[in-house]
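The structure file run20.cif is reproduced below (mmCIF, N, CA and C atoms).
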data_structure
loop_
_atom_site.label_atom_id
_atom_site.label_comp_id
_atom_site.auth_asym_id
_atom_site.auth_seq_id
_atom_site.Cartn_x
_atom_site.Cartn_y
_atom_site.Cartn_z
N MET F 1 -2.89 10.64 0.63
CA MET F 1 -2.64 10.24 2.01
C MET F 1 -3.21 11.28 2.95
N ALA F 2 -3.96 10.85 3.92
CA ALA F 2 -4.56 11.76 4.88
C ALA F 2 -3.61 11.95 6.06
N PHE F 3 -3.39 13.20 6.43
CA PHE F 3 -2.52 13.48 7.56
C PHE F 3 -3.33 13.58 8.84
N ARG F 4 -2.74 13.14 9.92
CA ARG F 4 -3.42 13.20 11.20
C ARG F 4 -3.28 14.58 11.84
N ILE F 5 -2.34 15.37 11.34
CA ILE F 5 -2.12 16.72 11.85
C ILE F 5 -2.31 17.71 10.70
N LYS F 6 -3.01 18.81 10.99
CA LYS F 6 -3.27 19.83 9.98
C LYS F 6 -2.83 21.19 10.50
N ARG F 7 -2.75 22.16 9.60
CA ARG F 7 -2.41 23.53 9.98
C ARG F 7 -3.48 24.07 10.93
N GLY F 8 -3.03 24.70 12.02
CA GLY F 8 -3.96 25.25 13.00
C GLY F 8 -4.19 24.36 14.20
N ASP F 9 -3.76 23.10 14.14
CA ASP F 9 -3.91 22.18 15.26
C ASP F 9 -2.92 22.50 16.37
N THR F 10 -3.28 22.19 17.60
CA THR F 10 -2.35 22.28 18.72
C THR F 10 -1.70 20.91 18.88
N VAL F 11 -0.37 20.91 18.93
CA VAL F 11 0.37 19.65 19.02
C VAL F 11 1.36 19.69 20.17
N MET F 12 1.80 18.50 20.60
CA MET F 12 2.81 18.36 21.64
C MET F 12 3.98 17.58 21.05
N VAL F 13 5.20 18.01 21.40
CA VAL F 13 6.40 17.31 20.96
C VAL F 13 6.62 16.13 21.90
N ILE F 14 6.82 14.93 21.33
CA ILE F 14 6.91 13.72 22.16
C ILE F 14 8.33 13.17 22.27
N SER F 15 9.29 13.74 21.52
CA SER F 15 10.67 13.28 21.63
C SER F 15 11.63 14.38 21.20
N GLY F 16 12.86 14.26 21.68
CA GLY F 16 13.89 15.21 21.30
C GLY F 16 14.07 16.32 22.31
N LYS F 17 14.82 17.33 21.91
CA LYS F 17 15.18 18.46 22.77
C LYS F 17 13.95 19.22 23.27
N TRP F 18 12.92 19.31 22.46
CA TRP F 18 11.72 20.10 22.79
C TRP F 18 10.60 19.25 23.36
N LYS F 19 10.91 18.07 23.88
CA LYS F 19 9.90 17.15 24.41
C LYS F 19 9.05 17.83 25.48
N GLY F 20 7.72 17.69 25.35
CA GLY F 20 6.79 18.26 26.32
C GLY F 20 6.25 19.63 25.96
N HIS F 21 6.86 20.32 24.99
CA HIS F 21 6.40 21.64 24.59
C HIS F 21 5.18 21.52 23.67
N GLN F 22 4.28 22.49 23.81
CA GLN F 22 3.09 22.53 22.97
C GLN F 22 3.11 23.79 22.13
N GLY F 23 2.44 23.72 20.98
CA GLY F 23 2.35 24.88 20.11
C GLY F 23 1.35 24.62 19.00
N LYS F 24 1.07 25.68 18.25
CA LYS F 24 0.12 25.61 17.15
C LYS F 24 0.89 25.40 15.84
N VAL F 25 0.36 24.55 14.97
CA VAL F 25 1.01 24.28 13.68
C VAL F 25 0.79 25.49 12.78
N LEU F 26 1.91 26.10 12.34
CA LEU F 26 1.85 27.28 11.49
C LEU F 26 1.89 26.92 10.01
N ARG F 27 2.66 25.89 9.68
CA ARG F 27 2.88 25.56 8.27
C ARG F 27 3.19 24.07 8.15
N MET F 28 2.77 23.47 7.05
CA MET F 28 3.01 22.04 6.80
C MET F 28 3.86 21.88 5.55
N PHE F 29 4.75 20.87 5.58
CA PHE F 29 5.53 20.47 4.43
C PHE F 29 5.27 18.99 4.19
N PRO F 30 4.19 18.65 3.48
CA PRO F 30 3.77 17.26 3.33
C PRO F 30 4.80 16.36 2.64
N ARG F 31 5.48 16.87 1.64
CA ARG F 31 6.45 16.03 0.91
C ARG F 31 7.65 15.69 1.78
N LYS F 32 8.01 16.58 2.69
CA LYS F 32 9.14 16.34 3.58
C LYS F 32 8.71 15.65 4.87
N GLY F 33 7.41 15.64 5.15
CA GLY F 33 6.92 15.04 6.39
C GLY F 33 7.26 15.89 7.60
N LYS F 34 7.23 17.22 7.44
CA LYS F 34 7.59 18.13 8.51
C LYS F 34 6.52 19.20 8.69
N ALA F 35 6.59 19.87 9.85
CA ALA F 35 5.68 20.97 10.14
C ALA F 35 6.43 22.02 10.95
N VAL F 36 6.00 23.28 10.82
CA VAL F 36 6.55 24.36 11.63
C VAL F 36 5.55 24.62 12.76
N VAL F 37 6.04 24.54 14.00
CA VAL F 37 5.19 24.71 15.18
C VAL F 37 5.63 25.96 15.92
N ASP F 38 4.68 26.79 16.31
CA ASP F 38 4.97 28.05 16.99
C ASP F 38 5.62 27.80 18.35
N GLY F 39 6.80 28.37 18.56
CA GLY F 39 7.50 28.28 19.84
C GLY F 39 8.28 27.00 20.05
N VAL F 40 8.40 26.16 19.02
CA VAL F 40 9.11 24.89 19.12
C VAL F 40 10.20 24.83 18.07
N ASN F 41 11.34 24.22 18.41
CA ASN F 41 12.46 24.05 17.50
C ASN F 41 12.97 25.41 17.00
N LEU F 42 13.20 26.31 17.93
CA LEU F 42 13.65 27.66 17.57
C LEU F 42 15.13 27.64 17.20
N VAL F 43 15.46 28.33 16.11
CA VAL F 43 16.84 28.48 15.68
C VAL F 43 17.13 29.97 15.53
N LYS F 44 18.40 30.33 15.68
CA LYS F 44 18.79 31.73 15.55
C LYS F 44 19.05 32.04 14.09
N LYS F 45 18.42 33.11 13.60
CA LYS F 45 18.58 33.54 12.22
C LYS F 45 19.19 34.93 12.23
N HIS F 46 20.31 35.08 11.56
CA HIS F 46 21.00 36.36 11.51
C HIS F 46 20.45 37.18 10.36
N ARG F 47 19.93 38.35 10.71
CA ARG F 47 19.36 39.27 9.71
C ARG F 47 20.32 40.44 9.56
N GLY F 48 20.80 40.66 8.35
CA GLY F 48 21.73 41.76 8.10
C GLY F 48 21.03 43.09 7.99
N ARG F 49 21.84 44.17 7.95
CA ARG F 49 21.23 45.48 7.79
C ARG F 49 20.64 45.58 6.39
N ARG F 50 19.59 46.31 6.33
CA ARG F 50 18.91 46.47 5.04
C ARG F 50 19.14 47.88 4.54
N HIS F 51 20.00 48.01 3.57
CA HIS F 51 20.27 49.28 2.90
C HIS F 51 20.71 50.38 3.86
N GLY F 52 21.37 49.99 4.93
CA GLY F 52 21.90 50.98 5.87
C GLY F 52 20.86 51.67 6.73
N LEU F 53 19.63 51.20 6.73
CA LEU F 53 18.57 51.87 7.49
C LEU F 53 18.49 51.38 8.93
N GLU F 54 18.86 50.13 9.18
CA GLU F 54 18.78 49.59 10.53
C GLU F 54 19.96 48.67 10.77
N GLU F 55 20.21 48.36 12.00
CA GLU F 55 21.31 47.46 12.32
C GLU F 55 20.87 46.02 12.15
N GLY F 56 21.85 45.15 11.96
CA GLY F 56 21.56 43.73 11.86
C GLY F 56 21.11 43.18 13.21
N THR F 57 20.29 42.15 13.16
CA THR F 57 19.77 41.55 14.38
C THR F 57 19.88 40.03 14.30
N VAL F 58 19.74 39.38 15.44
CA VAL F 58 19.66 37.93 15.50
C VAL F 58 18.28 37.59 16.05
N GLU F 59 17.49 36.91 15.25
CA GLU F 59 16.12 36.57 15.65
C GLU F 59 16.01 35.06 15.86
N GLU F 60 15.09 34.66 16.72
CA GLU F 60 14.78 33.24 16.90
C GLU F 60 13.51 32.94 16.13
N VAL F 61 13.62 32.03 15.17
CA VAL F 61 12.48 31.67 14.35
C VAL F 61 12.27 30.15 14.44
N PRO F 62 11.01 29.68 14.35
CA PRO F 62 10.77 28.24 14.41
C PRO F 62 11.20 27.56 13.11
N ALA F 63 11.85 26.41 13.24
CA ALA F 63 12.27 25.61 12.09
C ALA F 63 11.36 24.39 11.99
N PRO F 64 11.29 23.76 10.82
CA PRO F 64 10.44 22.56 10.67
C PRO F 64 10.90 21.42 11.56
N ILE F 65 9.93 20.63 12.01
CA ILE F 65 10.18 19.46 12.85
C ILE F 65 9.41 18.29 12.25
N TYR F 66 9.97 17.08 12.36
CA TYR F 66 9.33 15.91 11.77
C TYR F 66 7.97 15.62 12.41
N LEU F 67 7.02 15.19 11.59
CA LEU F 67 5.67 14.88 12.07
C LEU F 67 5.66 13.70 13.03
N SER F 68 6.65 12.81 12.91
CA SER F 68 6.70 11.65 13.79
C SER F 68 7.02 12.05 15.24
N LYS F 69 7.53 13.26 15.45
CA LYS F 69 7.84 13.74 16.79
C LYS F 69 6.68 14.53 17.40
N LEU F 70 5.57 14.65 16.67
CA LEU F 70 4.43 15.45 17.13
C LEU F 70 3.23 14.56 17.40
N MET F 71 2.45 14.97 18.41
CA MET F 71 1.21 14.27 18.74
C MET F 71 0.12 15.33 18.93
N LEU F 72 -1.01 15.08 18.34
CA LEU F 72 -2.13 16.02 18.39
C LEU F 72 -2.69 16.12 19.80
N VAL F 73 -2.99 17.35 20.24
CA VAL F 73 -3.65 17.58 21.53
C VAL F 73 -5.14 17.76 21.23
N CYS F 74 -5.96 16.91 21.82
CA CYS F 74 -7.40 16.94 21.58
C CYS F 74 -8.00 18.24 22.12
N PRO F 75 -8.78 18.96 21.30
CA PRO F 75 -9.40 20.20 21.79
C PRO F 75 -10.49 19.95 22.83
N LYS F 76 -11.07 18.75 22.87
CA LYS F 76 -12.14 18.46 23.82
C LYS F 76 -11.58 18.05 25.18
N CYS F 77 -10.71 17.01 25.21
CA CYS F 77 -10.21 16.51 26.49
C CYS F 77 -8.87 17.13 26.89
N GLY F 78 -8.19 17.80 25.96
CA GLY F 78 -6.96 18.51 26.29
C GLY F 78 -5.74 17.63 26.50
N GLN F 79 -5.80 16.36 26.09
CA GLN F 79 -4.68 15.45 26.26
C GLN F 79 -4.08 15.11 24.90
N PRO F 80 -2.75 14.84 24.87
CA PRO F 80 -2.18 14.36 23.62
C PRO F 80 -2.74 12.98 23.31
N THR F 81 -3.12 12.78 22.06
CA THR F 81 -3.84 11.57 21.71
C THR F 81 -3.48 11.09 20.32
N ARG F 82 -3.73 9.82 20.08
CA ARG F 82 -3.66 9.29 18.73
C ARG F 82 -4.91 9.71 17.98
N VAL F 83 -4.80 9.71 16.67
CA VAL F 83 -5.91 10.16 15.83
C VAL F 83 -6.39 9.01 14.97
N GLY F 84 -7.70 8.85 14.92
CA GLY F 84 -8.30 7.85 14.05
C GLY F 84 -9.18 8.52 13.02
N PHE F 85 -9.61 7.76 12.03
CA PHE F 85 -10.50 8.28 11.00
C PHE F 85 -11.78 7.46 10.99
N ARG F 86 -12.89 8.14 10.76
CA ARG F 86 -14.17 7.46 10.60
C ARG F 86 -15.03 8.27 9.64
N PHE F 87 -16.07 7.63 9.15
CA PHE F 87 -16.98 8.29 8.22
C PHE F 87 -18.26 8.66 8.96
N THR F 88 -18.77 9.86 8.68
CA THR F 88 -20.02 10.31 9.28
C THR F 88 -21.19 9.76 8.47
N GLU F 89 -22.41 10.04 8.93
CA GLU F 89 -23.61 9.55 8.25
C GLU F 89 -23.73 10.13 6.84
N ASP F 90 -23.26 11.38 6.68
CA ASP F 90 -23.36 12.01 5.35
C ASP F 90 -22.17 11.67 4.45
N GLY F 91 -21.30 10.76 4.88
CA GLY F 91 -20.22 10.27 4.03
C GLY F 91 -18.90 11.01 4.13
N ARG F 92 -18.79 12.00 5.03
CA ARG F 92 -17.53 12.72 5.18
C ARG F 92 -16.55 11.91 6.01
N LYS F 93 -15.27 12.00 5.68
CA LYS F 93 -14.23 11.34 6.45
C LYS F 93 -13.70 12.37 7.45
N VAL F 94 -13.76 12.05 8.74
CA VAL F 94 -13.36 12.98 9.79
C VAL F 94 -12.35 12.33 10.73
N ARG F 95 -11.57 13.18 11.40
CA ARG F 95 -10.63 12.69 12.40
C ARG F 95 -11.34 12.62 13.75
N TYR F 96 -10.92 11.66 14.60
CA TYR F 96 -11.49 11.60 15.94
C TYR F 96 -10.41 11.25 16.94
N CYS F 97 -10.65 11.64 18.20
CA CYS F 97 -9.73 11.39 19.30
C CYS F 97 -9.89 9.96 19.77
N LYS F 98 -8.79 9.23 19.87
CA LYS F 98 -8.85 7.83 20.30
C LYS F 98 -9.08 7.70 21.82
N LYS F 99 -8.85 8.79 22.57
CA LYS F 99 -9.05 8.72 24.03
C LYS F 99 -10.49 8.99 24.42
N CYS F 100 -11.07 10.09 23.88
CA CYS F 100 -12.44 10.45 24.29
C CYS F 100 -13.48 10.12 23.23
N GLY F 101 -13.04 9.83 21.98
CA GLY F 101 -13.97 9.45 20.94
C GLY F 101 -14.64 10.61 20.23
N GLU F 102 -14.33 11.84 20.59
CA GLU F 102 -14.97 13.00 19.99
C GLU F 102 -14.36 13.31 18.61
N VAL F 103 -15.20 13.84 17.72
CA VAL F 103 -14.75 14.24 16.39
C VAL F 103 -13.94 15.52 16.50
N ILE F 104 -12.78 15.57 15.84
CA ILE F 104 -11.88 16.72 15.94
C ILE F 104 -12.20 17.76 14.87
N ASP F 105 -12.53 17.34 13.67
CA ASP F 105 -12.79 18.31 12.58
C ASP F 105 -14.07 19.07 12.80
#
Entire entry expressed as C-alpha coordinates:
Amino acid sequence: MAFRIKRGDTVMVISGKWKGHQGKVLRMFPRKGKAVVDGVNLVKKHRGRRHGLEEGTVEEVPAPIYLSKLMLVCPKCGQPTRVGFRFTEDGRKVRYCKKCGEVID
(Lines of atoms letter the chains of each structure in order from A and count residues from 1; the text may use other names and numbers.)
(Lines give C-alpha, C1' and ligand atoms only; values in the text may rest on other atoms or scores of the structure.)
Protein backbone atom coordinates (compact mmCIF):
# COMPACT_ATOMS: atom_id res chain seq x y z
CA MET A 1 0.00 0.00 0.00
CA ALA A 2 1.37 3.39 -0.96
CA PHE A 3 1.08 6.13 1.62
CA ARG A 4 0.24 9.67 0.65
CA ILE A 5 2.37 11.02 3.51
CA LYS A 6 6.04 10.15 4.06
CA ARG A 7 8.70 10.98 6.63
CA GLY A 8 10.02 14.51 6.09
CA ASP A 9 6.80 15.89 4.58
CA THR A 10 5.16 19.04 5.94
CA VAL A 11 1.59 18.31 7.00
CA MET A 12 -1.38 20.19 8.46
CA VAL A 13 -3.78 18.82 11.07
CA ILE A 14 -7.35 19.00 9.73
CA SER A 15 -9.36 17.90 12.79
CA GLY A 16 -9.19 17.66 16.55
CA LYS A 17 -7.52 19.73 19.24
CA TRP A 18 -4.51 20.60 17.05
CA LYS A 19 -6.55 21.64 13.98
CA GLY A 20 -4.69 24.15 11.79
CA HIS A 21 -1.20 23.39 13.15
CA GLN A 22 1.58 22.48 10.73
CA GLY A 23 4.70 20.43 11.29
CA LYS A 24 7.21 18.06 9.76
CA VAL A 25 6.65 14.29 9.92
CA LEU A 26 9.37 12.83 12.16
CA ARG A 27 8.35 9.18 12.26
CA MET A 28 5.78 6.87 10.66
CA PHE A 29 3.94 3.87 12.12
CA PRO A 30 2.42 2.23 9.01
CA ARG A 31 0.80 -0.74 10.78
CA LYS A 32 -0.98 1.55 13.23
CA GLY A 33 -1.79 4.21 10.62
CA LYS A 34 -0.14 6.93 12.69
CA ALA A 35 2.67 9.46 12.41
CA VAL A 36 4.66 11.64 14.81
CA VAL A 37 4.59 15.30 13.75
CA ASP A 38 6.97 17.91 15.18
CA GLY A 39 5.15 20.38 17.45
CA VAL A 40 1.76 18.63 17.19
CA ASN A 41 -0.07 16.43 19.72
CA LEU A 42 2.34 17.26 22.53
CA VAL A 43 2.04 15.25 25.74
CA LYS A 44 3.85 15.70 29.04
CA LYS A 45 6.40 12.99 29.79
CA HIS A 46 7.80 12.71 33.31
CA ARG A 47 11.51 11.93 33.33
CA GLY A 48 12.91 10.72 36.65
CA ARG A 49 16.33 11.43 38.05
CA ARG A 50 19.04 9.34 36.56
CA HIS A 51 21.34 7.81 39.17
CA GLY A 52 21.13 10.88 41.37
CA LEU A 53 23.01 13.09 38.89
CA GLU A 54 20.15 15.40 37.90
CA GLU A 55 16.67 16.26 39.03
CA GLY A 56 13.57 14.85 37.41
CA THR A 57 11.89 16.94 34.74
CA VAL A 58 8.62 17.11 32.85
CA GLU A 59 9.13 17.36 29.10
CA GLU A 60 6.65 17.89 26.27
CA VAL A 61 7.15 15.33 23.53
CA PRO A 62 5.09 14.74 20.36
CA ALA A 63 2.84 11.67 20.40
CA PRO A 64 1.58 9.76 17.33
CA ILE A 65 -1.50 11.10 15.54
CA TYR A 66 -3.74 9.27 13.06
CA LEU A 67 -2.94 9.77 9.37
CA SER A 68 -6.61 10.48 8.65
CA LYS A 69 -6.26 13.74 10.62
CA LEU A 70 -3.30 14.92 8.50
CA MET A 71 -3.21 16.58 5.09
CA LEU A 72 -0.06 17.11 3.05
CA VAL A 73 1.08 20.71 2.45
CA CYS A 74 2.32 21.07 -1.13
CA PRO A 75 5.92 22.35 -1.26
CA LYS A 76 5.21 24.21 -4.53
CA CYS A 77 1.90 26.03 -3.86
CA GLY A 78 2.08 25.94 -0.04
CA GLN A 79 -1.54 24.84 0.43
CA PRO A 80 -2.90 21.72 2.12
CA THR A 81 -3.89 19.38 -0.68
CA ARG A 82 -5.04 15.93 -1.60
CA VAL A 83 -2.41 13.66 -3.09
CA GLY A 84 -2.70 11.67 -6.28
CA PHE A 85 -0.42 9.13 -7.94
CA ARG A 86 0.75 9.00 -11.53
CA PHE A 87 3.45 7.29 -13.53
CA THR A 88 6.29 9.20 -15.19
CA GLU A 89 7.66 8.48 -18.68
CA ASP A 90 10.40 6.29 -17.20
CA GLY A 91 7.83 4.18 -15.31
CA ARG A 92 8.27 5.57 -11.78
CA LYS A 93 5.19 6.01 -9.60
CA VAL A 94 5.19 9.52 -8.09
CA ARG A 95 2.91 11.61 -5.90
CA TYR A 96 1.41 14.83 -7.23
CA CYS A 97 -0.55 17.78 -5.85
CA LYS A 98 -4.21 17.72 -6.86
CA LYS A 99 -4.43 21.55 -6.64
CA CYS A 100 -1.46 22.68 -8.75
CA GLY A 101 -0.61 19.40 -10.52
CA GLU A 102 3.09 19.51 -9.63
CA VAL A 103 5.04 16.35 -8.77
CA ILE A 104 5.86 16.17 -5.05
CA ASP A 105 8.56 13.48 -5.01
Of the listed residues F:Val43, F:Val13, F:Leu72, F:Ile5, that which approaches Val58 in chain F most closely, counting only C-alpha atoms:
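Selected residue with least distance to Val58 in chain F: F:Val43.
For the pair atom C of Thr88 in chain F and atom N of Glu102 in chain F, the interatomic distance is 14.1 Å.
CA of Val61 in chain F sits 28.3 Å away from CA of Val83 in chain F.
Compared by their closest atoms to Thr10 in chain F, and using all atoms listed in the file, the residues F:Pro75, F:Pro62, F:Gly91, F:Gly101 rank with F:Pro75 nearest.
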Select all residues near (18.8, 30.4, 13.6) (cut-off 12 Å, inclusive, file coordinates), counting only C-alpha atoms, and output them as a ChimeraX atom specification.
/F:41-47,57-64
Which protein, DNA or RNA residues have an atom at most 8 Å from (5.9, 25.5, 15.3), counting only C-alpha atoms? List them as a count of residues only.
16
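With CA of Arg86 in chain F on one side and CA of Gln22 in chain F on the other, the separation reads 26.0 Å.
Across F:Met28, F:Val103, F:Leu67, F:Cys97, the tightest approach to Ser15 in chain F is made by F:Leu67 when counting only C-alpha atoms.
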Around all of range 68-87 of chain F's listed atoms, make the axis-aligned box with 6 Å on each side and tell me centre and edge lengths in Å to one decimal, as lines of an AutoDock Vina configuration file.
center_x = -5.2
center_y = 13.8
center_z = 17.6
size_x = 38.1
size_y = 24.7
size_z = 30.7
Which parts of chain F does DSSP call strand (DSSP E or B) when run on the backbone here, written out as JSON, numbers by chain?
{"F": [10, 11, 12, 13, 22, 23, 24, 25, 26, 27, 28, 29, 34, 35, 36, 37, 42, 43, 44, 45, 46, 47, 57, 58, 59, 60, 61, 62, 64, 65, 66, 70, 71, 72, 73, 80, 81, 83, 84, 85, 86, 87, 93, 94, 95, 96, 97, 103]}
